[in-house]
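Source file: coords-v3.pdb. Holds: PDB, C-alpha atoms (C1' of nucleotides).
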```
ATOM      1  CA  MET K   1     111.873  33.661 156.003  1.00  0.00           C
ATOM      2  CA  SER K   2     110.034  35.916 153.637  1.00  0.00           C
ATOM      3  CA  GLU K   3     112.676  38.606 154.030  1.00  0.00           C
ATOM      4  CA  GLU K   4     114.692  37.046 151.218  1.00  0.00           C
ATOM      5  CA  THR K   5     115.956  39.514 148.693  1.00  0.00           C
ATOM      6  CA  PHE K   6     115.594  39.144 144.974  1.00  0.00           C
ATOM      7  CA  THR K   7     119.141  37.802 144.825  1.00  0.00           C
ATOM      8  CA  GLN K   8     118.514  35.119 147.412  1.00  0.00           C
ATOM      9  CA  ARG K   9     115.350  34.177 145.607  1.00  0.00           C
ATOM     10  CA  VAL K  10     117.199  33.766 142.312  1.00  0.00           C
ATOM     11  CA  TYR K  11     119.706  31.400 143.885  1.00  0.00           C
ATOM     12  CA  ASP K  12     116.874  29.216 145.102  1.00  0.00           C
ATOM     13  CA  VAL K  13     115.192  29.237 141.694  1.00  0.00           C
ATOM     14  CA  VAL K  14     118.356  28.377 139.783  1.00  0.00           C
ATOM     15  CA  ALA K  15     119.285  25.695 142.300  1.00  0.00           C
ATOM     16  CA  SER K  16     115.872  24.123 141.677  1.00  0.00           C
ATOM     17  CA  ILE K  17     116.574  23.600 137.981  1.00  0.00           C
ATOM     18  CA  PRO K  18     116.659  19.834 137.250  1.00  0.00           C
ATOM     19  CA  ARG K  19     119.855  18.469 135.717  1.00  0.00           C
ATOM     20  CA  GLY K  20     119.791  18.309 131.940  1.00  0.00           C
ATOM     21  CA  LYS K  21     117.364  21.232 131.727  1.00  0.00           C
ATOM     22  CA  VAL K  22     117.736  24.971 131.371  1.00  0.00           C
ATOM     23  CA  ILE K  23     115.656  28.114 131.824  1.00  0.00           C
ATOM     24  CA  THR K  24     115.887  31.633 130.481  1.00  0.00           C
ATOM     25  CA  TYR K  25     116.849  34.686 132.515  1.00  0.00           C
ATOM     26  CA  GLY K  26     113.328  35.992 132.089  1.00  0.00           C
ATOM     27  CA  GLU K  27     111.890  32.774 133.483  1.00  0.00           C
ATOM     28  CA  ALA K  28     114.235  32.860 136.464  1.00  0.00           C
ATOM     29  CA  ALA K  29     113.367  36.507 137.040  1.00  0.00           C
ATOM     30  CA  CYS K  30     109.660  35.663 136.840  1.00  0.00           C
ATOM     31  CA  ARG K  31     110.045  32.948 139.480  1.00  0.00           C
ATOM     32  CA  ALA K  32     112.156  35.292 141.574  1.00  0.00           C
ATOM     33  CA  GLY K  33     109.250  37.723 141.697  1.00  0.00           C
ATOM     34  CA  SER K  34     110.234  40.202 138.977  1.00  0.00           C
ATOM     35  CA  PRO K  35     109.370  39.123 135.426  1.00  0.00           C
ATOM     36  CA  ARG K  36     111.184  42.210 134.059  1.00  0.00           C
ATOM     37  CA  ALA K  37     114.387  41.740 136.034  1.00  0.00           C
ATOM     38  CA  ALA K  38     116.147  39.447 133.587  1.00  0.00           C
ATOM     39  CA  ARG K  39     119.082  41.832 133.676  1.00  0.00           C
ATOM     40  CA  ALA K  40     119.168  41.857 137.454  1.00  0.00           C
ATOM     41  CA  VAL K  41     119.268  38.051 137.350  1.00  0.00           C
ATOM     42  CA  GLY K  42     122.372  38.240 135.184  1.00  0.00           C
ATOM     43  CA  ASN K  43     123.984  40.472 137.776  1.00  0.00           C
ATOM     44  CA  VAL K  44     123.201  38.013 140.530  1.00  0.00           C
ATOM     45  CA  MET K  45     124.614  35.117 138.501  1.00  0.00           C
ATOM     46  CA  ASN K  46     127.761  37.059 137.800  1.00  0.00           C
ATOM     47  CA  LYS K  47     128.226  37.661 141.502  1.00  0.00           C
ATOM     48  CA  ASN K  48     127.202  34.102 142.292  1.00  0.00           C
ATOM     49  CA  PRO K  49     129.768  32.978 144.926  1.00  0.00           C
ATOM     50  CA  ASP K  50     128.744  29.302 144.825  1.00  0.00           C
ATOM     51  CA  THR K  51     128.640  28.030 141.262  1.00  0.00           C
ATOM     52  CA  GLU K  52     128.511  24.456 142.541  1.00  0.00           C
ATOM     53  CA  ARG K  53     125.521  25.185 144.683  1.00  0.00           C
ATOM     54  CA  VAL K  54     123.898  27.387 142.073  1.00  0.00           C
ATOM     55  CA  PRO K  55     124.136  25.857 138.567  1.00  0.00           C
ATOM     56  CA  CYS K  56     124.088  29.271 136.908  1.00  0.00           C
ATOM     57  CA  HIS K  57     125.242  27.520 133.715  1.00  0.00           C
ATOM     58  CA  ARG K  58     121.670  26.230 133.363  1.00  0.00           C
ATOM     59  CA  VAL K  59     120.450  29.755 132.744  1.00  0.00           C
ATOM     60  CA  ILE K  60     120.364  30.860 129.106  1.00  0.00           C
ATOM     61  CA  CYS K  61     119.021  33.722 127.004  1.00  0.00           C
ATOM     62  CA  SER K  62     115.367  33.834 125.944  1.00  0.00           C
ATOM     63  CA  ASP K  63     116.374  33.448 122.293  1.00  0.00           C
ATOM     64  CA  GLY K  64     118.106  30.132 123.002  1.00  0.00           C
ATOM     65  CA  SER K  65     121.655  31.462 123.008  1.00  0.00           C
ATOM     66  CA  VAL K  66     123.776  30.345 125.928  1.00  0.00           C
ATOM     67  CA  GLY K  67     124.320  33.921 127.041  1.00  0.00           C
ATOM     68  CA  GLY K  68     127.347  34.441 129.270  1.00  0.00           C
ATOM     69  CA  TYR K  69     129.225  32.786 132.079  1.00  0.00           C
ATOM     70  CA  ALA K  70     131.564  33.998 134.816  1.00  0.00           C
ATOM     71  CA  PHE K  71     134.064  31.270 133.846  1.00  0.00           C
ATOM     72  CA  GLY K  72     133.658  31.698 130.101  1.00  0.00           C
ATOM     73  CA  THR K  73     130.811  30.941 127.726  1.00  0.00           C
ATOM     74  CA  SER K  74     132.762  27.991 126.302  1.00  0.00           C
ATOM     75  CA  LYS K  75     132.818  26.418 129.741  1.00  0.00           C
ATOM     76  CA  LYS K  76     129.110  26.959 130.117  1.00  0.00           C
ATOM     77  CA  VAL K  77     128.368  25.180 126.847  1.00  0.00           C
ATOM     78  CA  ALA K  78     130.640  22.283 127.789  1.00  0.00           C
ATOM     79  CA  LEU K  79     128.834  21.846 131.098  1.00  0.00           C
ATOM     80  CA  LEU K  80     125.399  21.926 129.510  1.00  0.00           C
ATOM     81  CA  ARG K  81     126.422  19.281 126.973  1.00  0.00           C
ATOM     82  CA  LYS K  82     127.720  17.117 129.783  1.00  0.00           C
ATOM     83  CA  GLU K  83     124.362  17.365 131.475  1.00  0.00           C
ATOM     84  CA  GLY K  84     122.701  16.082 128.331  1.00  0.00           C
ATOM     85  CA  VAL K  85     121.665  19.389 126.819  1.00  0.00           C
ATOM     86  CA  GLU K  86     122.207  19.563 123.080  1.00  0.00           C
ATOM     87  CA  ILE K  87     123.590  22.825 121.810  1.00  0.00           C
ATOM     88  CA  ILE K  88     123.800  23.689 118.130  1.00  0.00           C
ATOM     89  CA  ASP K  89     125.489  26.737 116.700  1.00  0.00           C
ATOM     90  CA  GLY K  90     125.767  28.115 120.218  1.00  0.00           C
ATOM     91  CA  LYS K  91     122.032  27.781 120.763  1.00  0.00           C
ATOM     92  CA  VAL K  92     120.214  25.458 123.151  1.00  0.00           C
ATOM     93  CA  HIS K  93     117.148  23.595 121.961  1.00  0.00           C
ATOM     94  CA  PRO K  94     113.970  25.189 123.359  1.00  0.00           C
ATOM     95  CA  GLU K  95     112.678  21.789 124.400  1.00  0.00           C
ATOM     96  CA  TYR K  96     115.299  21.699 127.105  1.00  0.00           C
ATOM     97  CA  LEU K  97     113.585  24.614 128.798  1.00  0.00           C
ATOM     98  CA  VAL K  98     111.938  23.532 132.026  1.00  0.00           C
TER      99      VAL K  98
ATOM    100  C1'  DG Q  99     119.068  59.889 147.634  1.00  0.00           C
ATOM    101  C1'  DT Q 100     121.575  59.472 143.209  1.00  0.00           C
ATOM    102  C1'  DC Q 101     124.575  57.205 139.729  1.00  0.00           C
ATOM    103  C1'  DG Q 102     126.711  53.475 137.359  1.00  0.00           C
ATOM    104  C1'  DT Q 103     126.915  48.693 136.153  1.00  0.00           C
ATOM    105  C1'  DG Q 104     125.567  44.224 133.703  1.00  0.00           C
ATOM    106  C1'  DA Q 105     125.687  36.743 132.104  1.00  0.00           C
ATOM    107  C1'  DC Q 106     118.770  40.506 129.444  1.00  0.00           C
ATOM    108  C1'  DT Q 107     114.654  41.353 126.096  1.00  0.00           C
ATOM    109  C1'  DA Q 108     112.066  42.967 122.335  1.00  0.00           C
ATOM    110  C1'  DG Q 109     111.651  45.835 118.522  1.00  0.00           C
ATOM    111  C1'  DC Q 110     113.474  48.146 114.334  1.00  0.00           C
ATOM    112  C1'  DC Q 111     116.331  48.801 110.138  1.00  0.00           C
TER     113       DC Q 111
ATOM    114  C1'  DC D 112     120.069  37.013 108.770  1.00  0.00           C
ATOM    115  C1'  DG D 113     122.711  40.413 111.337  1.00  0.00           C
ATOM    116  C1'  DG D 114     123.489  44.500 114.008  1.00  0.00           C
ATOM    117  C1'  DC D 115     121.815  48.457 116.868  1.00  0.00           C
ATOM    118  C1'  DT D 116     118.738  51.040 120.146  1.00  0.00           C
ATOM    119  C1'  DA D 117     115.949  51.749 123.970  1.00  0.00           C
ATOM    120  C1'  DG D 118     113.764  50.031 128.128  1.00  0.00           C
ATOM    121  C1'  DC D 119     113.843  47.258 132.158  1.00  0.00           C
ATOM    122  C1'  DC D 120     115.544  45.722 137.082  1.00  0.00           C
ATOM    123  C1'  DA D 121     118.317  44.975 141.439  1.00  0.00           C
ATOM    124  C1'  DC D 122     122.621  45.970 143.936  1.00  0.00           C
ATOM    125  C1'  DG D 123     126.826  48.477 145.510  1.00  0.00           C
ATOM    126  C1'  DA D 124     129.399  52.749 146.264  1.00  0.00           C
TER     127       DA D 124
END
```
Before anything else, please render the file you have as structure tokens.
Amino acid sequence: MSEETFTQRVYDVVASIPRGKVITYGEAACRAGSPRAARAVGNVMNKNPDTERVPCHRVICSDGSVGGYAFGTSKKVALLRKEGVEIIDGKVHPEYLV
DNA sequence: GTCGTGACTAGCC
DNA sequence: CGGCTAGCCACGA
């Protein structure tokens, strides 16, 4: 149970993000147990095999930019907007952060 | 055990 | 405001 790796932990954290909200890679990394592993989180998301189970599109950069997406940043933005997240100039409003 | 990789972050010019 | 550098972490080969 507690043998979960950082990767497994990230999936759980991202999956716990409420719809219509987003968090930064640093925040996800912090919840995963490594506040400095924002980059590692990105790696996990990129390898994320279950995008439907893990809404990796709800993870954005700390500066508000959408960041990247395995299916294309454009797709990520479209999904966020559908969830109710307002994005301007490619940047998500900080109030949407959980 | 070592190296390379990447959807990051913060600081500096 | 915009671009670049250096530092950071976890995973696979």
Which residues of chain K have any atom within 10 Å of an atom in chain Q when counting all atoms listed in the file, and what is the closest pair of atoms for each, with the distance in Å to one decimal? Order the rows by chain and rising number and write it as a tab-separated table.
```
residue	atom	partner	partner_atom	distance
K:Thr24	CA	Q:DC106	C1'	9.4
K:Tyr25	CA	Q:DC106	C1'	6.9
K:Gly26	CA	Q:DC106	C1'	7.5
K:Arg36	CA	Q:DT107	C1'	8.7
K:Ala37	CA	Q:DC106	C1'	8.0
K:Ala38	CA	Q:DC106	C1'	5.0
K:Arg39	CA	Q:DC106	C1'	4.4
K:Ala40	CA	Q:DG104	C1'	7.8
K:Val41	CA	Q:DC106	C1'	8.3
K:Gly42	CA	Q:DA105	C1'	4.8
K:Asn43	CA	Q:DG104	C1'	5.8
K:Val44	CA	Q:DA105	C1'	8.9
K:Met45	CA	Q:DA105	C1'	6.7
K:Asn46	CA	Q:DA105	C1'	6.1
K:Lys47	CA	Q:DA105	C1'	9.8
K:Cys56	CA	Q:DA105	C1'	9.0
K:His57	CA	Q:DA105	C1'	9.4
K:Val59	CA	Q:DA105	C1'	8.8
K:Ile60	CA	Q:DA105	C1'	8.5
K:Cys61	CA	Q:DC106	C1'	7.2
K:Ser62	CA	Q:DT107	C1'	7.6
K:Asp63	CA	Q:DT107	C1'	8.9
K:Val66	CA	Q:DA105	C1'	9.1
K:Gly67	CA	Q:DA105	C1'	6.0
K:Gly68	CA	Q:DA105	C1'	4.0
K:Tyr69	CA	Q:DA105	C1'	5.3
K:Ala70	CA	Q:DA105	C1'	7.0
K:Gly72	CA	Q:DA105	C1'	9.6
K:Thr73	CA	Q:DA105	C1'	8.9
```
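Once the PyMOL selection byres ((chain D) within 9 of (chain K)) is applied to the depicted file, the selected set reads DC119, DC120, DA121 and DC122 of chain D.
Picture a line from CA of Gly90 in chain K to CA of Ser65 in chain K; it runs 6.0 Å.
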Using all atoms of chain D listed in the file and a margin of 4 Å per side, can you give the axis-aligned box centre and edge lengths in Å to one decimal, as JSON?
```
{"center_x": 121.6, "center_y": 44.9, "center_z": 127.5, "size_x": 23.6, "size_y": 23.7, "size_z": 45.5}
```
Next item on the list: I need the residue set behind the PyMOL selection byres ((chain K and resi 93) around 12) for this file; please write it as a ChimeraX atom specification.
Entry: /K:20-24,60-66,80-81,84-92,94-98
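Our summary of the geometry notes that CA of Val10 in chain K is positioned 21.4 Å from CA of Lys75 in chain K.
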Check: So how far away is CA of Lys82 in chain K from CA of Val13 in chain K, in Å?
Finding: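 CA of Val13 in chain K sits 21.1 Å away from CA of Lys82 in chain K.
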